Amino acid sequence: MGVEKITSKILGEAESTAKDMLRESEATCRELLEDAETRAQEMIRTAEEESDAERRKIVKRSVSVAEIDGRKILLEAKQKLIGDCFDRAVEKIIGMDTERYIGFLADIVRSSGNVTGEIVMNEKDSDRLGERLAEKLNKEISGGKFVLSEEKAKIKGGLLLKNGPVYTNGSIETLVEERYDELSSEVAAILFDD
């Protein structure tokens, strides 16, 4: 659907940013390793009376800690980049041209299987395109009886479909979040594949 295309475009844009962040993270790792080496050498100098085996243990432990810290920094940088990609996907979807966005929202409602309900949107989308969406759904869905709700949702984009006390969540951020686990490994493979 449209989310995959948008995600693909964002991934392309994010690749260069990802590589820059990885280079910075690797430089930080090198600095940590150098610092660990320096500290280890100082510890060795102060413990000269101890055996050679003890000295090697100290160096190995310090280097291991620095390597773990470096891996943590790299992982955090990668996770932030992946999260940024998904945030940008939400913004791209919300920023679609009006007709395409209305079609996208209509697809969300159609996929819910509902033929009636109140369309709850954020204030901006409700004012800008809410009535047009309700009309489109009523025309295109057999037996469709959709109305724009006076209620406003605190969502970035998309909609909630209200039937009595039951809400079907079709907010853009929820739709992207639902696909996060499924797509994050693919995003990571594209961004960080060397």
# chains A, B, ... in the order shown; residues from 1 in each chain; ligands from 1
call {"tool": "residues_around", "arguments": {"residues": "A:Glu4", "least_positions_apart": "4", "cutoff": "10 Å", "atoms": "only C-alpha atoms", "output": "short mmCIF file (atom, residue, chain, number, x, y, z; two decimals) with N, CA, C and O atoms, in the first residue's frame"}}
result
data_model
loop_
_atom_site.label_atom_id
_atom_site.label_comp_id
_atom_site.auth_asym_id
_atom_site.auth_seq_id
_atom_site.Cartn_x
_atom_site.Cartn_y
_atom_site.Cartn_z
N SER A 8 9.94 3.32 1.82
CA SER A 8 11.06 3.08 0.92
C SER A 8 11.76 4.39 0.58
O SER A 8 12.98 4.47 0.59
N LYS A 9 10.98 5.42 0.29
CA LYS A 9 11.57 6.72 -0.05
C LYS A 9 12.33 7.29 1.14
O LYS A 9 13.43 7.79 1.01
N ILE A 10 11.73 7.18 2.32
CA ILE A 10 12.36 7.69 3.53
C ILE A 10 13.64 6.93 3.81
O ILE A 10 14.65 7.48 4.22
N ALA A 89 7.90 8.85 8.23
CA ALA A 89 6.84 8.20 7.45
C ALA A 89 5.49 8.77 7.84
O ALA A 89 4.64 9.05 6.98
N LEU A 183 8.42 -4.09 10.24
CA LEU A 183 9.26 -3.38 9.27
C LEU A 183 10.61 -2.91 9.80
O LEU A 183 11.51 -2.63 9.01
#
call {"tool": "select_by_dssp", "arguments": {"residues": "stretch 10-157 of chain A", "states": "alpha helix (DSSP H)", "output": "JSON, numbers by chain"}}
result
{"A": [10, 11, 12, 13, 14, 15, 16, 17, 18, 19, 20, 21, 22, 23, 24, 25, 26, 27, 28, 29, 30, 31, 32, 33, 34, 35, 36, 37, 38, 39, 40, 41, 42, 43, 44, 45, 46, 52, 53, 54, 55, 56, 57, 58, 59, 60, 61, 62, 63, 64, 65, 66, 67, 68, 69, 70, 71, 72, 73, 74, 75, 76, 77, 78, 79, 80, 81, 82, 83, 84, 85, 86, 87, 88, 89, 90, 91, 92, 93, 94, 98, 99, 100, 101, 102, 103, 104, 105, 106, 107, 108, 109, 110, 111, 112, 123, 124, 125, 131, 132, 133, 134, 135, 136, 137, 138, 139, 140]}
call {"tool": "closest_residue", "arguments": {"among": "A:Asn163, A:Ser25, A:Glu37, A:Glu15", "to": "A:Val63", "atoms": "only C-alpha atoms"}}
result
A:Glu37
call {"tool": "closest_residue", "arguments": {"among": "A:Lys78, A:Arg39, A:Lys5, A:Lys152", "to": "A:Leu191", "atoms": "only C-alpha atoms"}}
result
A:Lys78
call {"tool": "residues_around", "arguments": {"residues": "A:Tyr180", "least_positions_apart": "5", "cutoff": "10 Å", "atoms": "only C-alpha atoms", "output": "list in words"}}
result
Ile82, Gly83, Phe86, Thr174, Leu175, Ser185, Glu186 and Val187 of chain A
call {"tool": "write_last_selection", "arguments": {"atoms": "N, CA, C and O atoms", "output": "mmCIF file, in the first residue's frame"}}
result
data_model
loop_
_atom_site.group_PDB
_atom_site.id
_atom_site.type_symbol
_atom_site.label_atom_id
_atom_site.label_comp_id
_atom_site.auth_asym_id
_atom_site.auth_seq_id
_atom_site.Cartn_x
_atom_site.Cartn_y
_atom_site.Cartn_z
ATOM 1 N N ILE A 82 16.173 4.446 13.197
ATOM 2 C CA ILE A 82 14.988 3.677 12.781
ATOM 3 C C ILE A 82 13.730 4.394 13.243
ATOM 4 O O ILE A 82 12.779 4.560 12.476
ATOM 5 N N GLY A 83 13.709 4.844 14.492
ATOM 6 C CA GLY A 83 12.556 5.602 15.003
ATOM 7 C C GLY A 83 12.310 6.865 14.197
ATOM 8 O O GLY A 83 11.162 7.200 13.887
ATOM 9 N N PHE A 86 10.473 6.081 10.968
ATOM 10 C CA PHE A 86 9.037 5.878 11.153
ATOM 11 C C PHE A 86 8.323 7.209 11.439
ATOM 12 O O PHE A 86 7.212 7.436 10.947
ATOM 13 N N THR A 174 -0.846 5.104 14.933
ATOM 14 C CA THR A 174 -1.142 3.729 15.356
ATOM 15 C C THR A 174 -0.877 2.751 14.225
ATOM 16 O O THR A 174 -0.317 1.669 14.442
ATOM 17 N N LEU A 175 -1.275 3.111 13.005
ATOM 18 C CA LEU A 175 -1.034 2.223 11.867
ATOM 19 C C LEU A 175 0.459 1.986 11.659
ATOM 20 O O LEU A 175 0.891 0.854 11.415
ATOM 21 N N SER A 185 13.119 -4.393 11.202
ATOM 22 C CA SER A 185 14.292 -5.179 10.799
ATOM 23 C C SER A 185 14.625 -4.931 9.327
ATOM 24 O O SER A 185 15.797 -4.882 8.952
ATOM 25 N N GLU A 186 13.600 -4.749 8.482
ATOM 26 C CA GLU A 186 13.844 -4.426 7.077
ATOM 27 C C GLU A 186 14.492 -3.049 6.944
ATOM 28 O O GLU A 186 15.412 -2.863 6.146
ATOM 29 N N VAL A 187 13.997 -2.091 7.732
ATOM 30 C CA VAL A 187 14.554 -0.740 7.717
ATOM 31 C C VAL A 187 16.016 -0.800 8.148
ATOM 32 O O VAL A 187 16.894 -0.216 7.512
#
call {"tool": "residues_around", "arguments": {"residues": "A:Leu74", "least_positions_apart": "5", "cutoff": "10 Å", "atoms": "only C-alpha atoms", "output": "list in words"}}
result
Met21, Leu22, Arg23, Glu24, Ser25, Glu26, Thr28, Cys29, Ile68, Asp69, Gln79 and Lys80 of chain A
call {"tool": "residues_around", "arguments": {"residues": "A:Glu99", "least_positions_apart": "2", "cutoff": "12 Å", "atoms": "only C-alpha atoms", "output": "list in words"}}
result
Ile94, Gly95, Met96, Asp97, Tyr101, Ile102, Gly103, Phe104, Leu105, Ala106, Arg128, Leu129, Gly130, Arg132, Leu133 and Lys136 of chain A
call {"tool": "write_last_selection", "arguments": {"atoms": "all heavy atoms", "output": "tab-separated table (two decimals), in the first residue's frame"}}
result
chain	number	residue	atom	x	y	z
A	94	ILE	N	0.84	12.22	6.43
A	94	ILE	CA	0.00	13.35	6.79
A	94	ILE	C	0.13	14.48	5.77
A	94	ILE	O	-0.83	15.20	5.50
A	94	ILE	CB	0.35	13.85	8.21
A	94	ILE	CG1	-0.05	12.79	9.24
A	94	ILE	CG2	-0.33	15.16	8.53
A	94	ILE	CD1	0.51	13.02	10.62
A	95	GLY	N	1.31	14.61	5.17
A	95	GLY	CA	1.57	15.68	4.21
A	95	GLY	C	1.18	15.37	2.78
A	95	GLY	O	1.48	16.14	1.88
A	96	MET	N	0.52	14.24	2.54
A	96	MET	CA	0.08	13.90	1.17
A	96	MET	C	-0.85	15.00	0.64
A	96	MET	O	-1.49	15.69	1.42
A	96	MET	CB	-0.74	12.60	1.18
A	96	MET	CG	0.00	11.34	1.29
A	96	MET	SD	-1.21	9.98	1.08
A	96	MET	CE	-0.47	8.75	2.10
A	97	ASP	N	-0.95	15.07	-0.70
A	97	ASP	CA	-1.92	16.02	-1.24
A	97	ASP	C	-3.32	15.56	-0.82
A	97	ASP	O	-3.56	14.39	-0.54
A	97	ASP	CB	-1.79	16.15	-2.77
A	97	ASP	CG	-2.24	14.91	-3.50
A	97	ASP	OD1	-3.46	14.69	-3.61
A	97	ASP	OD2	-1.36	14.16	-3.99
A	101	TYR	N	-4.71	11.80	0.20
A	101	TYR	CA	-4.90	11.56	1.63
A	101	TYR	C	-6.33	11.09	1.90
A	101	TYR	O	-6.54	10.15	2.68
A	101	TYR	CB	-4.57	12.84	2.40
A	101	TYR	CG	-4.54	12.71	3.90
A	101	TYR	CD1	-3.78	11.72	4.52
A	101	TYR	CD2	-5.25	13.58	4.71
A	101	TYR	CE1	-3.73	11.62	5.90
A	101	TYR	CE2	-5.22	13.48	6.08
A	101	TYR	CZ	-4.45	12.50	6.68
A	101	TYR	OH	-4.40	12.40	8.04
A	102	ILE	N	-7.31	11.71	1.25
A	102	ILE	CA	-8.70	11.27	1.42
A	102	ILE	C	-8.84	9.82	0.95
A	102	ILE	O	-9.49	9.00	1.62
A	102	ILE	CB	-9.68	12.20	0.66
A	102	ILE	CG1	-9.75	13.56	1.34
A	102	ILE	CG2	-11.07	11.57	0.55
A	102	ILE	CD1	-10.52	14.62	0.57
A	103	GLY	N	-8.25	9.47	-0.18
A	103	GLY	CA	-8.28	8.09	-0.66
A	103	GLY	C	-7.63	7.13	0.33
A	103	GLY	O	-8.13	6.03	0.58
A	104	PHE	N	-6.52	7.55	0.90
A	104	PHE	CA	-5.82	6.74	1.90
A	104	PHE	C	-6.71	6.50	3.12
A	104	PHE	O	-6.83	5.37	3.61
A	104	PHE	CB	-4.52	7.46	2.29
A	104	PHE	CG	-3.69	6.73	3.30
A	104	PHE	CD1	-2.89	5.67	2.91
A	104	PHE	CD2	-3.70	7.10	4.63
A	104	PHE	CE1	-2.10	4.99	3.83
A	104	PHE	CE2	-2.93	6.42	5.56
A	104	PHE	CZ	-2.13	5.37	5.16
A	105	LEU	N	-7.37	7.56	3.59
A	105	LEU	CA	-8.26	7.44	4.76
A	105	LEU	C	-9.47	6.56	4.43
A	105	LEU	O	-9.92	5.76	5.26
A	105	LEU	CB	-8.71	8.82	5.24
A	105	LEU	CG	-7.60	9.73	5.75
A	105	LEU	CD1	-8.17	11.10	6.11
A	105	LEU	CD2	-6.88	9.12	6.93
A	106	ALA	N	-10.00	6.70	3.21
A	106	ALA	CA	-11.12	5.85	2.80
A	106	ALA	C	-10.70	4.38	2.80
A	106	ALA	O	-11.48	3.50	3.20
A	106	ALA	CB	-11.62	6.28	1.42
A	128	ARG	N	-10.63	20.51	7.22
A	128	ARG	CA	-10.11	20.55	5.87
A	128	ARG	C	-10.78	19.53	4.95
A	128	ARG	O	-11.06	19.82	3.79
A	128	ARG	CB	-8.59	20.31	5.92
A	128	ARG	CG	-7.87	20.36	4.61
A	128	ARG	CD	-6.36	20.29	4.81
A	128	ARG	NE	-5.92	19.04	5.39
A	128	ARG	CZ	-5.25	18.10	4.74
A	128	ARG	NH1	-4.91	18.29	3.49
A	128	ARG	NH2	-4.89	16.99	5.34
A	129	LEU	N	-11.03	18.32	5.44
A	129	LEU	CA	-11.49	17.29	4.52
A	129	LEU	C	-12.49	16.30	5.10
A	129	LEU	O	-12.87	15.35	4.43
A	129	LEU	CB	-10.27	16.53	3.96
A	129	LEU	CG	-9.25	15.99	4.96
A	129	LEU	CD1	-9.62	14.64	5.48
A	129	LEU	CD2	-7.90	15.96	4.28
A	130	GLY	N	-12.94	16.51	6.31
A	130	GLY	CA	-13.84	15.57	6.97
A	130	GLY	C	-15.12	15.30	6.21
A	130	GLY	O	-15.51	14.13	6.02
A	132	ARG	N	-15.77	15.82	3.05
A	132	ARG	CA	-15.49	15.18	1.76
A	132	ARG	C	-15.21	13.69	1.93
A	132	ARG	O	-15.63	12.86	1.11
A	132	ARG	CB	-14.30	15.86	1.10
A	132	ARG	CG	-14.68	17.25	0.58
A	132	ARG	CD	-13.53	18.06	0.09
A	132	ARG	NE	-12.73	17.39	-0.93
A	132	ARG	CZ	-11.51	17.79	-1.26
A	132	ARG	NH1	-10.96	18.83	-0.67
A	132	ARG	NH2	-10.83	17.14	-2.18
A	133	LEU	N	-14.56	13.32	3.01
A	133	LEU	CA	-14.28	11.90	3.28
A	133	LEU	C	-15.59	11.16	3.55
A	133	LEU	O	-15.82	10.08	3.00
A	133	LEU	CB	-13.34	11.75	4.48
A	133	LEU	CG	-13.08	10.32	4.94
A	133	LEU	CD1	-12.43	9.48	3.84
A	133	LEU	CD2	-12.21	10.32	6.20
A	136	LYS	N	-17.41	10.66	0.30
A	136	LYS	CA	-16.74	9.64	-0.52
A	136	LYS	C	-17.10	8.25	-0.01
A	136	LYS	O	-17.42	7.36	-0.79
A	136	LYS	CB	-15.23	9.86	-0.48
A	136	LYS	CG	-14.41	8.83	-1.27
A	136	LYS	CD	-12.92	9.18	-1.22
A	136	LYS	CE	-12.07	8.24	-2.01
A	136	LYS	NZ	-12.23	8.33	-3.46
call {"tool": "residues_around", "arguments": {"residues": "A:Ala66", "least_positions_apart": "2", "cutoff": "12 Å", "atoms": "only C-alpha atoms", "output": "ChimeraX atom specification"}}
result
/A:28-40,59-64,68-73
call {"tool": "write_last_selection", "arguments": {"atoms": "N, CA, C and O atoms", "output": "short mmCIF file (atom, residue, chain, number, x, y, z; two decimals), in the first residue's frame"}}
result
data_model
loop_
_atom_site.label_atom_id
_atom_site.label_comp_id
_atom_site.auth_asym_id
_atom_site.auth_seq_id
_atom_site.Cartn_x
_atom_site.Cartn_y
_atom_site.Cartn_z
N THR A 28 33.37 7.45 18.32
CA THR A 28 33.18 7.46 19.77
C THR A 28 33.67 6.15 20.37
O THR A 28 34.32 6.13 21.42
N CYS A 29 33.39 5.05 19.68
CA CYS A 29 33.86 3.74 20.15
C CYS A 29 35.38 3.72 20.20
O CYS A 29 35.97 3.21 21.16
N ARG A 30 36.02 4.22 19.14
CA ARG A 30 37.48 4.26 19.12
C ARG A 30 38.02 5.08 20.28
O ARG A 30 38.99 4.70 20.94
N GLU A 31 37.38 6.23 20.54
CA GLU A 31 37.81 7.07 21.66
C GLU A 31 37.66 6.32 22.97
O GLU A 31 38.53 6.39 23.84
N LEU A 32 36.54 5.61 23.13
CA LEU A 32 36.34 4.83 24.34
C LEU A 32 37.41 3.76 24.49
O LEU A 32 37.94 3.54 25.58
N LEU A 33 37.72 3.10 23.39
CA LEU A 33 38.77 2.07 23.44
C LEU A 33 40.12 2.67 23.78
O LEU A 33 40.87 2.11 24.59
N GLU A 34 40.45 3.82 23.19
CA GLU A 34 41.71 4.47 23.49
C GLU A 34 41.77 4.88 24.96
O GLU A 34 42.79 4.69 25.63
N ASP A 35 40.67 5.42 25.46
CA ASP A 35 40.61 5.82 26.86
C ASP A 35 40.77 4.60 27.76
O ASP A 35 41.48 4.64 28.77
N ALA A 36 40.12 3.50 27.40
CA ALA A 36 40.24 2.28 28.19
C ALA A 36 41.67 1.77 28.19
O ALA A 36 42.19 1.33 29.22
N GLU A 37 42.33 1.83 27.04
CA GLU A 37 43.72 1.41 26.95
C GLU A 37 44.60 2.28 27.87
O GLU A 37 45.45 1.76 28.58
N THR A 38 44.36 3.58 27.83
CA THR A 38 45.14 4.49 28.66
C THR A 38 44.93 4.19 30.13
O THR A 38 45.90 4.11 30.91
N ARG A 39 43.67 4.03 30.52
CA ARG A 39 43.38 3.71 31.92
C ARG A 39 44.01 2.38 32.33
O ARG A 39 44.53 2.24 33.44
N ALA A 40 43.95 1.42 31.42
CA ALA A 40 44.52 0.11 31.73
C ALA A 40 46.03 0.22 31.94
O ALA A 40 46.58 -0.39 32.86
N VAL A 59 43.62 -5.50 31.88
CA VAL A 59 43.53 -4.93 30.53
C VAL A 59 42.33 -5.53 29.79
O VAL A 59 41.53 -4.80 29.17
N LYS A 60 42.21 -6.84 29.87
CA LYS A 60 41.12 -7.51 29.15
C LYS A 60 39.75 -7.03 29.64
O LYS A 60 38.85 -6.76 28.85
N ARG A 61 39.62 -6.89 30.96
CA ARG A 61 38.36 -6.41 31.53
C ARG A 61 38.05 -4.99 31.07
O ARG A 61 36.92 -4.68 30.68
N SER A 62 39.03 -4.11 31.09
CA SER A 62 38.82 -2.71 30.68
C SER A 62 38.43 -2.62 29.21
O SER A 62 37.53 -1.86 28.84
N VAL A 63 39.12 -3.40 28.38
CA VAL A 63 38.79 -3.39 26.95
C VAL A 63 37.40 -3.95 26.71
O VAL A 63 36.62 -3.42 25.91
N SER A 64 37.03 -5.01 27.44
CA SER A 64 35.69 -5.59 27.28
C SER A 64 34.60 -4.59 27.65
O SER A 64 33.60 -4.47 26.94
N ILE A 68 31.77 -3.10 25.13
CA ILE A 68 30.33 -3.16 25.45
C ILE A 68 29.72 -1.77 25.37
O ILE A 68 28.66 -1.57 24.80
N ASP A 69 30.42 -0.79 25.96
CA ASP A 69 29.92 0.59 25.90
C ASP A 69 29.81 1.07 24.45
O ASP A 69 28.84 1.73 24.08
N GLY A 70 30.79 0.72 23.63
CA GLY A 70 30.77 1.10 22.22
C GLY A 70 29.59 0.48 21.50
O GLY A 70 28.91 1.14 20.71
N ARG A 71 29.33 -0.80 21.78
CA ARG A 71 28.19 -1.47 21.14
C ARG A 71 26.87 -0.83 21.58
O ARG A 71 25.94 -0.69 20.77
N LYS A 72 26.79 -0.44 22.85
CA LYS A 72 25.57 0.22 23.33
C LYS A 72 25.33 1.55 22.59
O LYS A 72 24.21 1.85 22.20
N ILE A 73 26.41 2.31 22.41
CA ILE A 73 26.29 3.59 21.70
C ILE A 73 25.83 3.36 20.26
O ILE A 73 24.95 4.06 19.76
#
call {"tool": "residues_around", "arguments": {"residues": "A:Glu135", "least_positions_apart": "4", "cutoff": "8 Å", "atoms": "only C-alpha atoms", "output": "PDB file with N, CA and C atoms, in the first residue's frame"}}
result
ATOM      1  N   GLU A 131     -15.794  16.340   5.802  1.00  0.00           N
ATOM      2  CA  GLU A 131     -17.074  16.170   5.083  1.00  0.00           C
ATOM      3  C   GLU A 131     -16.849  15.464   3.741  1.00  0.00           C
ATOM      4  N   LYS A 139     -20.679   7.257  -0.813  1.00  0.00           N
ATOM      5  CA  LYS A 139     -20.856   6.946  -2.228  1.00  0.00           C
ATOM      6  C   LYS A 139     -20.241   5.596  -2.589  1.00  0.00           C
ATOM      7  N   PHE A 146     -21.917   7.158   6.900  1.00  0.00           N
ATOM      8  CA  PHE A 146     -20.855   7.760   7.687  1.00  0.00           C
ATOM      9  C   PHE A 146     -21.138   9.246   7.863  1.00  0.00           C
TER      10      PHE A 146
END
call {"tool": "atom_distance", "arguments": {"atom1": "atom CA of A:Ala153", "atom2": "atom CA of A:Val120"}}
result
6.2 Å
call {"tool": "decode", "arguments": {"residues": "stretch 56-105 of chain A", "atoms": "C-alpha atoms", "output": "CSV table (one decimal), in the first residue's frame"}}
result
chain,number,residue,atom,x,y,z
A,56,ARG,CA,46.4,-9.1,31.6
A,57,LYS,CA,43.1,-9.7,33.4
A,58,ILE,CA,42.8,-6.0,34.1
A,59,VAL,CA,43.5,-4.9,30.5
A,60,LYS,CA,41.1,-7.5,29.2
A,61,ARG,CA,38.4,-6.4,31.5
A,62,SER,CA,38.8,-2.7,30.7
A,63,VAL,CA,38.8,-3.4,26.9
A,64,SER,CA,35.7,-5.6,27.3
A,65,VAL,CA,33.8,-2.9,29.2
A,66,ALA,CA,34.8,-0.3,26.5
A,67,GLU,CA,33.7,-2.6,23.7
A,68,ILE,CA,30.3,-3.2,25.4
A,69,ASP,CA,29.9,0.6,25.9
A,70,GLY,CA,30.8,1.1,22.2
A,71,ARG,CA,28.2,-1.5,21.1
A,72,LYS,CA,25.6,0.2,23.3
A,73,ILE,CA,26.3,3.6,21.7
A,74,LEU,CA,26.0,2.1,18.2
A,75,LEU,CA,22.8,0.3,19.1
A,76,GLU,CA,21.2,3.5,20.5
A,77,ALA,CA,22.2,5.4,17.4
A,78,LYS,CA,20.7,2.8,15.1
A,79,GLN,CA,17.5,2.6,17.2
A,80,LYS,CA,17.1,6.4,17.0
A,81,LEU,CA,17.6,6.4,13.2
A,82,ILE,CA,15.0,3.7,12.8
A,83,GLY,CA,12.6,5.6,15.0
A,84,ASP,CA,13.3,8.8,13.0
A,85,CYS,CA,12.4,6.9,9.8
A,86,PHE,CA,9.0,5.9,11.2
A,87,ASP,CA,8.4,9.4,12.5
A,88,ARG,CA,9.2,10.8,9.0
A,89,ALA,CA,6.8,8.2,7.5
A,90,VAL,CA,4.0,9.5,9.6
A,91,GLU,CA,4.8,13.1,8.5
A,92,LYS,CA,5.0,12.1,4.8
A,93,ILE,CA,1.6,10.4,5.0
A,94,ILE,CA,0.0,13.4,6.8
A,95,GLY,CA,1.6,15.7,4.2
A,96,MET,CA,0.1,13.9,1.2
A,97,ASP,CA,-1.9,16.0,-1.2
A,98,THR,CA,-5.6,16.3,-0.2
A,99,GLU,CA,-7.1,13.9,-2.7
A,100,ARG,CA,-4.6,11.2,-2.2
A,101,TYR,CA,-4.9,11.6,1.6
A,102,ILE,CA,-8.7,11.3,1.4
A,103,GLY,CA,-8.3,8.1,-0.7
A,104,PHE,CA,-5.8,6.7,1.9
A,105,LEU,CA,-8.3,7.4,4.8
